[in-house]
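Below is one structure, written out as structure tokens, with a few remarks after it.
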Amino acid sequence: MDNVRTRFAPSPTGYMHVGGVRTALFAWLVAKQANGKFILRIEDTDTERHTEGSEEHIVQTLKTLGLNYDEGPDIGGNFSPYRQSERLAIYKEWANKLVEKGRAYADPYTPQEVEGFRNKAKEEKKPFLFRDYRPENPPRWDGTQPLRFRCEPKDYSWHDEIIGELSATKEAVDDFILIKSDGYPTYNFAHIVDDYLMQISHIIRAQEFLASIPRYLNLYEAFSIEHPAFATVPFVLGPDGKKKLSKRDGAKDVLEYITEGYLPEALINFMASLGWNDGTTQEIYDISELIAKFKLSDVQKSPAKFDDKRLIWMNGAHIRRLDLDELYKKVEGFWPEASKAYDESYKKKVLTILKDRLKYLSELKSLTGFFFEDLRVKPELISQDKKLDAIDNKQLQEWLLTARQSLEQSDFSLEDITKRLNNLLAQTKQQPAILFSLIRIAITQAPSSPGLFETIEVLGKDRVLKRIDLQIAKL
RNA sequence: GGCCCCUUCGUCUAGCGGUCCAGGAUAUCUGGUUCUCAUCCAGAAGAUCGCGGGUUCGAAUCCCGCAGGGGUCACCA
């Protein structure tokens, strides 16, 4: 398609969770793969729900994930402004077009009166349709009353890029508020005007708007304008599997995943795979593959539950794909405090042998402490090891001493370390499960660590000998 | 209640009438990888394809009902 222009149009009411960002991602992918434009538009027409700083937060989230937009409130574009609160005059002008055509009227009722109609309909077990209460001689619209659309009810069928062919009866078409009494437009009205003026080619939005589309269709007709392609993205459900992911139920801020050390590319891969796949068995995609392969028609129609087990795995998989230098760059800021005293080449060695066991970057702190400081001897590491606990301390001391003596002679190449420890095994006739465990505990004081030989090599002779001495003394 | 959408292993999903007594991934369990934790490899277990009819030689796939779940019916988006 020519001139693909997609938009992400959040209302600034807080942070963004996985569901919202996924919708943005899909829109971004559609734009990127068609060499089109991705637009950020802030839908701040609800002055009450508007929260301070959330626009900045949304912008930061998109930028951190690399979902860069080509036009937006902070960078401008050919269709500015990109904040709806700055477009009030435009909405008024378009509202007046409808007034002139007789397709909009001032709503003379008080909110209480409307509420009364609604309750009555409910009692009668009928759907509430405002058009059943349409005033016969509405007053002239002076801007203080809400302005309502005068719909022309009819059945509709239309195409959705994700769901396919859809239809609805005229029951779905009603008179809705275009401009609120505070002068701000409703979403229902503003987005239609803006998408048209901003030449949006695809509206990619969440499923909650599906039921409203017949009303929008009626409005497009009233304006005699064509509507963009519609793509309705199914919900992302919370872990309970019932309700859609929501802030109320504790859905996490996507930026929080970044702070915990989830990679943007992993997050994006994960969100894309929540409802999308290309029909192959591929699971791990980088961003350029996603851009090349993504298709709206391949998006699942049914909702997907959010399961962070898969995210954790996927993040690890993306970490392992990174080469050392890339990973080193990303991991900056996740090192333990004590690492400050160490240089890049040492930290890179640590990273090399640790890479395979990182699931997310913030684990680095707890996993690498012993590489940077001598930890106190933890007797429980031995007492909780069944095999070691059964052996006399004197014996353990003796083995450690022998190991120490051999390692002292070593040139500390991985090869030599390996050779010496294997010799030790033969010499003492012990199983690795005993001897290596003992040495590993002595030099790391940690329940787990990278492989013994590599760890010894990276730690270096001074530290290894010192720690063995320390362990011997505490036995 | 009206209107609308959805329904395949716990989870993410493949599947567009035969190659499916349903494939992959993850999670779980088992074994291997000289020590731990991972990685990696091998294997196990796990789905009466929501239910009931129909069409067809043949249906997870097409049609019709039903049920369950969800959305919407705001001067919120």
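Order determines the names: the first chain of the structure tokens is A, the second B, and so forth; residues in each chain are numbered 1 upward, and ligands are numbered 1 upward as they are shown.
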Taking a cut-off of 12 Å and counting only C-alpha atoms (C1' of nucleotides), can you build a table that, for each residue of chain B near chain A, reports the nearest atom pair and how far apart they are in Å (one decimal), sorted by chain then residue number, as a Markdown table?
| residue | atom | partner | partner_atom | distance |
| --- | --- | --- | --- | --- |
| B:G1 | C1' | A:Lys125 | CA | 4.7 |
| B:G2 | C1' | A:Pro127 | CA | 5.0 |
| B:C3 | C1' | A:Ala172 | CA | 5.8 |
| B:C4 | C1' | A:Ala211 | CA | 5.8 |
| B:C5 | C1' | A:Leu210 | CA | 8.0 |
| B:C6 | C1' | A:Ser302 | CA | 5.3 |
| B:U7 | C1' | A:Ser302 | CA | 7.9 |
| B:U8 | C1' | A:Ser302 | CA | 12.0 |
| B:G10 | C1' | A:Asp307 | CA | 10.6 |
| B:U11 | C1' | A:Asp307 | CA | 6.4 |
| B:C12 | C1' | A:Leu274 | CA | 6.4 |
| B:U13 | C1' | A:Asn277 | CA | 7.7 |
| B:A14 | C1' | A:Gly279 | CA | 6.1 |
| B:G15 | C1' | A:Gly279 | CA | 8.9 |
| B:C16 | C1' | A:Gly279 | CA | 11.8 |
| B:G23 | C1' | A:Thr281 | CA | 9.1 |
| B:G24 | C1' | A:Thr281 | CA | 5.4 |
| B:A25 | C1' | A:Glu283 | CA | 6.8 |
| B:U26 | C1' | A:Arg310 | CA | 5.6 |
| B:A27 | C1' | A:Lys309 | CA | 7.1 |
| B:U34 | C1' | A:Pro432 | CA | 6.3 |
| B:C35 | C1' | A:Ser437 | CA | 4.5 |
| B:U36 | C1' | A:Ser448 | CA | 4.7 |
| B:C37 | C1' | A:Ser448 | CA | 4.6 |
| B:A38 | C1' | A:Arg357 | CA | 4.3 |
| B:U39 | C1' | A:Asp356 | CA | 5.1 |
| B:C40 | C1' | A:Asp356 | CA | 9.9 |
| B:G68 | C1' | A:Lys242 | CA | 12.0 |
| B:G69 | C1' | A:Lys242 | CA | 7.6 |
| B:G70 | C1' | A:Lys243 | CA | 7.8 |
| B:G71 | C1' | A:Glu208 | CA | 5.7 |
| B:U72 | C1' | A:Ala211 | CA | 5.3 |
| B:C73 | C1' | A:Phe128 | CA | 6.4 |
| B:A74 | C1' | A:Ile177 | CA | 9.5 |
| B:C75 | C1' | A:Lys180 | CA | 4.6 |
| B:C76 | C1' | A:Asp46 | CA | 7.1 |
| B:A77 | C1' | A:Tyr187 | CA | 6.2 |
Those same residues, written as a CSV table (one decimal), in the first residue's frame with C-alpha atoms (C1' of nucleotides)?
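For reference, again.csv as written:
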chain,number,residue,atom,x,y,z
B,1,G,C1',-30.8,-7.5,28.5
B,2,G,C1',-29.5,-5.7,23.1
B,3,C,C1',-25.4,-5.6,19.8
B,4,C,C1',-20.6,-7.6,18.8
B,5,C,C1',-16.1,-10.6,19.2
B,6,C,C1',-13.6,-15.0,20.8
B,7,U,C1',-13.0,-20.7,22.1
B,8,U,C1',-6.4,-26.3,19.8
B,10,G,C1',-0.9,-25.1,32.2
B,11,U,C1',0.9,-20.9,28.9
B,12,C,C1',2.3,-18.7,23.7
B,13,U,C1',0.9,-21.0,19.3
B,14,A,C1',1.0,-24.4,14.1
B,15,G,C1',-3.0,-26.1,11.5
B,16,C,C1',-7.1,-23.0,6.2
B,23,G,C1',3.2,-30.2,15.3
B,24,G,C1',6.7,-26.4,17.7
B,25,A,C1',8.0,-23.4,21.9
B,26,U,C1',7.7,-22.5,27.0
B,27,A,C1',6.8,-24.3,31.8
B,34,U,C1',34.5,-34.1,35.1
B,35,C,C1',31.6,-29.5,40.8
B,36,U,C1',27.1,-25.9,41.8
B,37,C,C1',23.6,-22.9,39.0
B,38,A,C1',22.6,-22.2,34.1
B,39,U,C1',23.5,-23.1,28.9
B,40,C,C1',23.4,-27.1,25.5
B,68,G,C1',-18.7,-20.6,28.2
B,69,G,C1',-15.6,-16.3,28.3
B,70,G,C1',-14.9,-11.3,26.9
B,71,G,C1',-16.2,-6.4,25.0
B,72,U,C1',-19.7,-2.5,24.5
B,73,C,C1',-24.2,0.1,25.4
B,74,A,C1',-20.0,7.4,29.5
B,75,C,C1',-20.1,14.9,28.6
B,76,C,C1',-13.3,7.8,29.5
B,77,A,C1',-10.3,6.7,26.0
Discussion item. Neighbouring residues of segment 256-260 of chain A were defined as those with any atom within 10 Å, considering only C-alpha atoms (C1' of nucleotides); residues of the same chain fewer than 2 positions away were excluded. Please report them as a PyMOL selection string.
Written reply: chain A and resi 17-18+61+64-65+252-254+262-264+267+333-334+360-363
Create the file for the chosen residues now, containing N, CA and C atoms and written as a PDB file, in the first residue's frame.
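For reference, result17.pdb as written:
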ATOM      1  N   HIS A  17       1.377  -0.426  29.899  1.00  0.00           N
ATOM      2  CA  HIS A  17       1.659  -1.830  30.178  1.00  0.00           C
ATOM      3  C   HIS A  17       1.834  -2.589  28.862  1.00  0.00           C
ATOM      4  N   VAL A  18       2.113  -3.860  28.983  1.00  0.00           N
ATOM      5  CA  VAL A  18       2.419  -4.689  27.821  1.00  0.00           C
ATOM      6  C   VAL A  18       1.322  -4.617  26.739  1.00  0.00           C
ATOM      7  N   THR A  61       9.027   5.605  27.118  1.00  0.00           N
ATOM      8  CA  THR A  61       8.820   4.172  26.903  1.00  0.00           C
ATOM      9  C   THR A  61       9.029   3.810  25.435  1.00  0.00           C
ATOM     10  N   THR A  64      12.748   4.199  24.500  1.00  0.00           N
ATOM     11  CA  THR A  64      13.596   3.172  25.095  1.00  0.00           C
ATOM     12  C   THR A  64      13.480   1.864  24.322  1.00  0.00           C
ATOM     13  N   LEU A  65      12.280   1.585  23.857  1.00  0.00           N
ATOM     14  CA  LEU A  65      12.070   0.347  23.114  1.00  0.00           C
ATOM     15  C   LEU A  65      12.492   0.481  21.651  1.00  0.00           C
ATOM     16  N   LYS A 252       2.249  -4.375  34.990  1.00  0.00           N
ATOM     17  CA  LYS A 252       3.500  -3.665  35.218  1.00  0.00           C
ATOM     18  C   LYS A 252       3.793  -2.647  34.132  1.00  0.00           C
ATOM     19  N   ASP A 253       4.402  -1.567  34.545  1.00  0.00           N
ATOM     20  CA  ASP A 253       4.927  -0.558  33.631  1.00  0.00           C
ATOM     21  C   ASP A 253       6.023  -1.209  32.786  1.00  0.00           C
ATOM     22  N   VAL A 254       5.916  -1.095  31.481  1.00  0.00           N
ATOM     23  CA  VAL A 254       6.910  -1.728  30.611  1.00  0.00           C
ATOM     24  C   VAL A 254       8.326  -1.211  30.907  1.00  0.00           C
ATOM     25  N   TYR A 262      15.503  -6.369  31.324  1.00  0.00           N
ATOM     26  CA  TYR A 262      14.989  -7.066  30.145  1.00  0.00           C
ATOM     27  C   TYR A 262      15.431  -6.248  28.947  1.00  0.00           C
ATOM     28  N   LEU A 263      15.865  -6.926  27.906  1.00  0.00           N
ATOM     29  CA  LEU A 263      16.344  -6.253  26.710  1.00  0.00           C
ATOM     30  C   LEU A 263      15.160  -5.737  25.891  1.00  0.00           C
ATOM     31  N   PRO A 264      15.265  -4.529  25.352  1.00  0.00           N
ATOM     32  CA  PRO A 264      14.191  -4.020  24.501  1.00  0.00           C
ATOM     33  C   PRO A 264      13.840  -4.992  23.375  1.00  0.00           C
ATOM     34  N   LEU A 267      11.796  -7.836  24.786  1.00  0.00           N
ATOM     35  CA  LEU A 267      10.449  -7.368  25.109  1.00  0.00           C
ATOM     36  C   LEU A 267       9.614  -7.260  23.835  1.00  0.00           C
ATOM     37  N   GLY A 333      25.759  -0.455  34.448  1.00  0.00           N
ATOM     38  CA  GLY A 333      24.741  -0.009  35.390  1.00  0.00           C
ATOM     39  C   GLY A 333      24.130  -1.154  36.163  1.00  0.00           C
ATOM     40  N   PHE A 334      24.432  -2.383  35.785  1.00  0.00           N
ATOM     41  CA  PHE A 334      23.884  -3.539  36.507  1.00  0.00           C
ATOM     42  C   PHE A 334      24.941  -4.257  37.352  1.00  0.00           C
ATOM     43  N   TYR A 360      18.105 -12.133  33.199  1.00  0.00           N
ATOM     44  CA  TYR A 360      17.902 -10.699  33.008  1.00  0.00           C
ATOM     45  C   TYR A 360      19.045  -9.973  33.689  1.00  0.00           C
ATOM     46  N   LEU A 361      19.307  -8.793  33.206  1.00  0.00           N
ATOM     47  CA  LEU A 361      20.529  -8.095  33.564  1.00  0.00           C
ATOM     48  C   LEU A 361      20.669  -7.773  35.051  1.00  0.00           C
ATOM     49  N   SER A 362      19.571  -7.533  35.727  1.00  0.00           N
ATOM     50  CA  SER A 362      19.705  -7.150  37.127  1.00  0.00           C
ATOM     51  C   SER A 362      20.182  -8.314  37.996  1.00  0.00           C
ATOM     52  N   GLU A 363      20.205  -9.516  37.428  1.00  0.00           N
ATOM     53  CA  GLU A 363      20.748 -10.654  38.165  1.00  0.00           C
ATOM     54  C   GLU A 363      22.257 -10.551  38.319  1.00  0.00           C
TER      55      GLU A 363
END
Worksheet item: Distance atom CA of Arg150 of chain A-atom CA of Tyr109 of chain A, one decimal place?
Response: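 Separating atom CA of Arg150 of chain A from atom CA of Tyr109 of chain A is a distance of 15.1 Å.
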Practice prompt. Apply DSSP to the backbone of this structure and, from segment 94-247 of chain A, keep only the residues in strand (DSSP E); write these as a PyMOL selection string.
Written response: chain A and resi 104-106+147-149+156-160+164-168+177-179+202-206+229-233+236-237
Take the residues that were just selected and, keeping C-alpha atoms, output them as a PDB file, in the first residue's frame.
ATOM      1  CA  ALA A 104     -25.457  17.455  15.021  1.00  0.00           C
ATOM      2  CA  TYR A 105     -27.534  19.080  17.698  1.00  0.00           C
ATOM      3  CA  ALA A 106     -27.201  20.591  21.131  1.00  0.00           C
ATOM      4  CA  LEU A 147     -23.037  18.573  20.987  1.00  0.00           C
ATOM      5  CA  ARG A 148     -24.475  15.317  19.786  1.00  0.00           C
ATOM      6  CA  PHE A 149     -24.187  13.514  16.504  1.00  0.00           C
ATOM      7  CA  TYR A 156     -23.100  -2.233   8.489  1.00  0.00           C
ATOM      8  CA  SER A 157     -20.577  -4.733   7.386  1.00  0.00           C
ATOM      9  CA  TRP A 158     -16.937  -3.922   7.031  1.00  0.00           C
ATOM     10  CA  HIS A 159     -13.509  -5.429   6.796  1.00  0.00           C
ATOM     11  CA  ASP A 160     -11.018  -5.682   9.603  1.00  0.00           C
ATOM     12  CA  GLY A 164     -11.815 -10.308   8.825  1.00  0.00           C
ATOM     13  CA  GLU A 165     -15.358  -9.586   7.790  1.00  0.00           C
ATOM     14  CA  LEU A 166     -17.502  -7.993  10.461  1.00  0.00           C
ATOM     15  CA  SER A 167     -21.051  -6.829  10.633  1.00  0.00           C
ATOM     16  CA  ALA A 168     -23.442  -5.187  13.031  1.00  0.00           C
ATOM     17  CA  ILE A 177     -21.457  13.204  22.119  1.00  0.00           C
ATOM     18  CA  LEU A 178     -19.121  14.979  19.757  1.00  0.00           C
ATOM     19  CA  ILE A 179     -18.127  17.921  21.914  1.00  0.00           C
ATOM     20  CA  HIS A 202      -4.497   2.179   9.235  1.00  0.00           C
ATOM     21  CA  ILE A 203      -6.163   2.511  12.585  1.00  0.00           C
ATOM     22  CA  ILE A 204      -4.617  -0.170  14.747  1.00  0.00           C
ATOM     23  CA  ARG A 205      -6.287  -0.206  18.104  1.00  0.00           C
ATOM     24  CA  ALA A 206      -7.424  -2.464  20.912  1.00  0.00           C
ATOM     25  CA  ALA A 229      -8.256   0.494   7.187  1.00  0.00           C
ATOM     26  CA  PHE A 230      -9.274  -0.903  10.557  1.00  0.00           C
ATOM     27  CA  ALA A 231      -7.213  -3.404  12.496  1.00  0.00           C
ATOM     28  CA  THR A 232      -8.605  -4.540  15.802  1.00  0.00           C
ATOM     29  CA  VAL A 233      -6.036  -6.068  18.111  1.00  0.00           C
ATOM     30  CA  VAL A 236      -3.767  -9.121  26.341  1.00  0.00           C
ATOM     31  CA  LEU A 237      -5.229 -10.879  29.360  1.00  0.00           C
TER      32      LEU A 237
END
Item to complete: From a DSSP pass on the backbone, collect the residues of segment 291-441 of chain A flagged as alpha helix (DSSP H) and hand them back as a PyMOL selection string.
Response: chain A and resi 291-293+308-321+324-331+344-354+364-372+379-383+386-389+393-408+414-428+432-441
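Separating atom CA of Arg134 of chain A from atom CA of Asp194 of chain A is a distance of 27.3 Å.
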Item to complete: For C29 of chain B, list every protein, DNA or RNA residue within 12 Å, evaluated using only C-alpha atoms (C1' of nucleotides), and leave out those in the same chain fewer than 4 positions away; present the list as a PyMOL selection string.
Response: chain B and resi 43-46
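Note that the spacing between atom CA of Tyr346 of chain A and atom C1' of U33 of chain B amounts to 27.2 Å.
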Discussion item. Give me the residues near Gly14 of chain A as a list in words, where near means some atom within 7 Å (using only C-alpha atoms (C1' of nucleotides)) and where sequence neighbours in that chain fewer than 2 positions away do not count.
Written reply: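 Close residues of Gly14 of chain A: Pro12, Met16, Thr51 and Ser54 of chain A.
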